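**Q** Data: start_39.txt, compact mmCIF, C-alpha atoms.
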# COMPACT_ATOMS: atom_id res chain seq x y z
CA MET A 1 -9.05 95.82 -35.90
CA GLU A 2 -9.71 96.42 -32.20
CA THR A 3 -11.07 93.94 -29.65
CA VAL A 4 -12.43 94.28 -26.14
CA ALA A 5 -13.82 91.72 -23.69
CA ILE A 6 -16.51 92.71 -21.19
CA ASN A 7 -18.35 90.91 -18.45
CA THR A 8 -22.10 90.28 -19.00
CA PRO A 9 -24.71 88.27 -17.11
CA LEU A 10 -24.28 85.56 -19.77
CA GLY A 11 -20.49 85.33 -19.88
CA ILE A 12 -17.60 87.25 -21.35
CA ALA A 13 -18.59 89.15 -24.50
CA GLN A 14 -15.86 89.84 -27.02
CA ILE A 15 -16.46 92.81 -29.32
CA THR A 16 -14.38 93.34 -32.46
CA GLY A 17 -14.48 96.20 -34.92
CA THR A 18 -12.94 99.23 -36.55
CA GLU A 19 -14.04 102.77 -37.35
CA LYS A 20 -16.14 101.15 -40.14
CA GLY A 21 -18.28 99.40 -37.52
CA ILE A 22 -18.56 96.38 -35.28
CA SER A 23 -17.85 93.16 -37.17
CA GLN A 24 -18.25 90.60 -34.40
CA ILE A 25 -19.74 90.16 -30.95
CA SER A 26 -19.48 86.73 -29.38
CA VAL A 27 -19.86 85.24 -25.91
CA ALA A 28 -17.84 82.68 -23.98
CA ASP A 29 -18.15 81.11 -20.55
CA GLU A 30 -14.66 82.23 -19.58
CA GLY A 31 -12.13 84.80 -20.61
CA GLN A 32 -10.06 87.77 -19.56
CA VAL A 33 -12.01 91.01 -19.18
CA SER A 34 -10.28 93.99 -20.81
CA VAL A 35 -8.87 96.75 -18.65
CA GLU A 36 -9.11 99.39 -21.37
CA ILE A 37 -11.79 99.96 -24.01
CA PRO A 38 -10.60 101.14 -27.45
CA SER A 39 -12.46 104.31 -28.42
CA VAL A 40 -13.91 102.74 -31.62
CA LEU A 41 -15.62 100.10 -29.44
CA GLN A 42 -16.80 102.37 -26.62
CA GLU A 43 -20.31 102.98 -28.01
CA ALA A 44 -20.92 99.24 -28.48
CA VAL A 45 -19.74 98.53 -24.92
CA THR A 46 -21.96 101.28 -23.54
CA GLN A 47 -25.05 100.14 -25.45
CA LEU A 48 -24.58 96.46 -24.53
CA SER A 49 -24.23 97.46 -20.86
CA GLU A 50 -27.43 99.51 -21.12
CA TYR A 51 -29.20 96.52 -22.72
CA PHE A 52 -28.23 94.21 -19.87
CA GLN A 53 -29.31 96.82 -17.32
CA GLY A 54 -32.74 96.89 -18.98
CA ASN A 55 -32.29 100.45 -20.24
CA ARG A 56 -31.94 99.80 -23.99
CA THR A 57 -34.19 98.03 -26.49
CA HIS A 58 -32.46 99.07 -29.72
CA PHE A 59 -28.84 99.32 -30.81
CA ASP A 60 -27.72 102.11 -33.11
CA PHE A 61 -23.94 101.82 -33.37
CA LYS A 62 -22.45 101.08 -36.78
CA LEU A 63 -22.39 97.42 -37.84
CA ASN A 64 -19.96 95.83 -40.28
CA PRO A 65 -20.58 92.05 -40.27
CA LYS A 66 -18.79 89.84 -42.78
CA GLY A 67 -20.88 87.27 -44.65
CA THR A 68 -22.34 86.19 -47.97
CA GLU A 69 -24.99 88.23 -49.72
CA PHE A 70 -27.65 85.75 -48.53
CA GLN A 71 -26.39 85.86 -44.94
CA GLN A 72 -26.42 89.66 -45.01
CA LYS A 73 -30.04 89.56 -46.23
CA VAL A 74 -31.03 87.17 -43.41
CA TRP A 75 -29.22 89.25 -40.79
CA GLN A 76 -30.92 92.41 -42.06
CA ALA A 77 -34.30 90.69 -41.65
CA LEU A 78 -33.35 89.75 -38.07
CA LEU A 79 -32.81 93.44 -37.31
CA GLU A 80 -36.48 94.03 -38.10
CA ILE A 81 -37.73 91.73 -35.29
CA PRO A 82 -38.88 94.10 -32.53
CA TYR A 83 -37.54 93.91 -28.99
CA GLY A 84 -39.77 91.68 -26.87
CA LYS A 85 -41.19 89.83 -29.90
CA THR A 86 -40.35 86.53 -31.55
CA THR A 87 -40.77 85.06 -35.01
CA THR A 88 -40.26 81.62 -36.49
CA TYR A 89 -37.77 80.26 -38.99
CA LEU A 90 -40.72 79.57 -41.30
CA ALA A 91 -42.00 83.14 -41.04
CA GLN A 92 -38.50 84.45 -41.62
CA SER A 93 -38.16 82.27 -44.75
CA LYS A 94 -41.50 83.53 -46.06
CA LYS A 95 -40.47 87.13 -45.40
CA LEU A 96 -37.32 86.55 -47.42
CA GLY A 97 -39.45 85.22 -50.28
CA ASP A 98 -38.73 81.47 -50.24
CA VAL A 99 -40.53 79.17 -47.82
CA LYS A 100 -38.26 76.32 -48.95
CA ALA A 101 -35.18 78.22 -47.78
CA ILE A 102 -35.95 77.48 -44.12
CA ARG A 103 -32.77 75.42 -43.59
CA ALA A 104 -30.61 78.04 -45.31
CA VAL A 105 -32.22 80.75 -43.17
CA ALA A 106 -31.60 78.73 -40.02
CA SER A 107 -27.98 78.19 -41.08
CA ALA A 108 -27.47 81.91 -41.73
CA ASN A 109 -29.00 82.67 -38.31
CA GLY A 110 -26.48 80.27 -36.77
CA LYS A 111 -23.62 82.12 -38.45
CA ASN A 112 -24.76 85.51 -37.17
CA PRO A 113 -21.55 87.24 -36.01
CA LEU A 114 -23.26 89.94 -33.92
CA TRP A 115 -24.59 88.30 -30.76
CA ILE A 116 -27.67 90.05 -29.29
CA VAL A 117 -27.39 93.11 -31.57
CA VAL A 118 -28.61 91.11 -34.60
CA PRO A 119 -31.29 89.30 -32.60
CA CYS A 120 -31.24 85.71 -33.85
CA HIS A 121 -32.32 84.73 -30.32
CA ARG A 122 -35.78 86.06 -31.24
CA VAL A 123 -36.30 83.27 -33.81
CA ILE A 124 -38.01 80.17 -32.45
CA GLY A 125 -39.47 76.96 -33.84
CA THR A 126 -42.92 76.94 -35.46
CA ASP A 127 -44.16 74.92 -32.48
CA GLY A 128 -42.87 77.58 -30.07
CA SER A 129 -39.80 75.59 -29.05
CA LEU A 130 -36.44 77.14 -28.30
CA THR A 131 -34.67 75.58 -31.25
CA GLY A 132 -30.90 75.73 -31.70
CA TYR A 133 -28.86 78.69 -30.60
CA ALA A 134 -25.11 79.02 -31.10
CA GLY A 135 -24.70 80.58 -27.65
CA GLY A 136 -26.58 77.74 -25.94
CA LEU A 137 -30.30 77.38 -25.31
CA TRP A 138 -29.97 78.61 -21.72
CA ARG A 139 -28.67 81.94 -23.05
CA LYS A 140 -31.51 82.14 -25.60
CA LYS A 141 -34.05 81.52 -22.83
CA TRP A 142 -32.40 84.16 -20.63
CA LEU A 143 -32.42 86.75 -23.44
CA LEU A 144 -36.08 86.14 -24.30
CA GLU A 145 -37.06 86.41 -20.63
CA HIS A 146 -34.95 89.58 -20.29
CA GLU A 147 -36.82 91.11 -23.25
CA SER A 148 -40.25 89.94 -22.12
CA PRO A 149 -42.51 92.89 -21.26
CA SER A 150 -42.84 93.15 -17.49
CA GLY A 151 -45.96 91.59 -16.12
CA GLN A 152 -46.34 89.21 -19.06
CA GLN A 153 -46.14 85.49 -18.56
CA ILE A 154 -42.83 83.96 -19.61
CA LEU A 155 -43.33 81.56 -22.50
CA PHE A 156 -40.56 79.11 -21.65
Could you write out this file's structure as structure tokens?
**A**
Amino acid sequence: METVAINTPLGIAQITGTEKGISQISVADEGQVSVEIPSVLQEAVTQLSEYFQGNRTHFDFKLNPKGTEFQQKVWQALLEIPYGKTTTYLAQSKKLGDVKAIRAVASANGKNPLWIVVPCHRVIGTDGSLTGYAGGLWRKKWLLEHESPSGQQILF
């Protein structure tokens, strides 16, 4: 298992993974930025940097998140939300086949181990509100504004 910490506009991102794929990306307000980047993490570092520079809308490095079968299903559905678009927890629950599973879906979103890459920040409340986000609502707002098509009015 290799780990690297990089500086981003939203804090220090820590990326963890192996040759099987990236298992975790998290963000913190503080931390020590890595001097060297392990080769198995280089592609993830490059693509995240491109994302923050506004030059990438899709990630294609190998993912290997750990979670329950249900969590994996929810995270897979998150990957289908296009860049620059949002959905709601209710719509996500319906897509997964159980409108009553809204709380379980929200919980699985909150346990998403792959910050930004599995875009749980693109899920908002039915009323359009910026509901909970493990990284902090200010980061969710920043990410949605970053992904907003240029020239469009910012929603929040």
**Q** Which residue gives the smallest distance to Thr87 of chain A among A:Gln24, A:Gln32, A:Ser129, A:Gln72, with all atoms listed in the file counted?
**A** A:Ser129
**Q** Which residues are near Leu10 of chain A? Cut-off 10 Å, all atoms listed in the file, ignore same chain within fewer than 4 positions. Put them as an mmCIF file with C-alpha atoms, keeping the file's coordinate frame.
**A**
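See around_0.cif below for the written result:
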data_model
loop_
_atom_site.group_PDB
_atom_site.id
_atom_site.type_symbol
_atom_site.label_atom_id
_atom_site.label_comp_id
_atom_site.auth_asym_id
_atom_site.auth_seq_id
_atom_site.Cartn_x
_atom_site.Cartn_y
_atom_site.Cartn_z
ATOM 1 C CA VAL A 27 -19.860 85.240 -25.910
ATOM 2 C CA ALA A 28 -17.840 82.680 -23.980
ATOM 3 C CA ASP A 29 -18.150 81.110 -20.550
ATOM 4 C CA PHE A 52 -28.230 94.210 -19.870
ATOM 5 C CA GLY A 135 -24.700 80.580 -27.650
ATOM 6 C CA TRP A 138 -29.970 78.610 -21.720
ATOM 7 C CA ARG A 139 -28.670 81.940 -23.050
ATOM 8 C CA LYS A 140 -31.510 82.140 -25.600
ATOM 9 C CA TRP A 142 -32.400 84.160 -20.630
ATOM 10 C CA LEU A 143 -32.420 86.750 -23.440
#
**Q** Measure the distance from atom CA of Leu63 of chain A to atom CA of Thr88 of chain A in Å and round it to one decimal.
**A**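 A separation of 23.9 Å between them.
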**Q** Could you check which of A:Ala13, A:Ile81, A:Ile116, A:Ile102 is closest to Tyr51 of chain A, using only C-alpha atoms?
**A** A:Ile116
**Q** Find the residues around Asn64 of chain A up to 12 Å (all atoms listed in the file counted), leave out those fewer than 5 positions away in its own chain, and share them as a PyMOL selection string.
**A** chain A and resi 1+15-25+72+75-76+112-114+117-118
**Q** Report as a VMD selection string all protein, DNA and RNA residues lying within 10 Å of Asp60 of chain A, evaluated on all atoms listed in the file, omitting residues in the same chain fewer than 6 positions from it.
**A** chain A and resid 43 to 44 47 117
**Q** Which residue is closest to Ala91 of chain A? Choose from A:Asn55, A:Thr126, A:Ser26, A:Gln42 and count all atoms listed in the file.
**A**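 Ranking A:Asn55, A:Thr126, A:Ser26, A:Gln42 by distance to Ala91 of chain A, first place goes to A:Thr126.
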**Q** Of the candidates A:Val74, A:Val99, A:Leu79, A:Leu144, which one gets nearest to His58 of chain A if we count only C-alpha atoms?
**A** A:Leu79
**Q** Would you kindly return, as a count of residues only, each protein, DNA or RNA residue with an atom no farther than 9 Å from any atom of Ile37 of chain A, considering all atoms listed in the file and excluding same-chain residues fewer than 3 positions away?
**A** 8
**Q** Gly31 of chain A: which residues within 10 Å, counting all atoms listed in the file, same-chain residues fewer than 6 positions away excluded, as number ranges by chain?
**A** A: 5-7, 11-14
**Q** Restricting the calculation to all atoms listed in the file: of A:Pro149, A:Gly132, A:Gly84, A:Gly67, which residue gets closest to Ala106 of chain A?
**A**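 Looking only at the distances to Ala106 of chain A, the closest residue turns out to be A:Gly132.
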**Q** Which distance in Å separates atom CA of Arg103 of chain A and atom CA of Lys62 of chain A, to one decimal?
**A** 28.5 Å
**Q** What gap, in Å, lies between atom CA of Ser107 of chain A and atom CA of Gln71 of chain A?
**A**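 If I compute the distance from atom CA of Ser107 of chain A to atom CA of Gln71 of chain A, I get 8.7 Å.
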**Q** Using all atoms listed in the file, which residue out of A:Leu130, A:Leu96, A:Ala101, A:Val33 lies closest to Glu80 of chain A?
**A**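 Closest to Glu80 of chain A of all the choices is A:Leu96.
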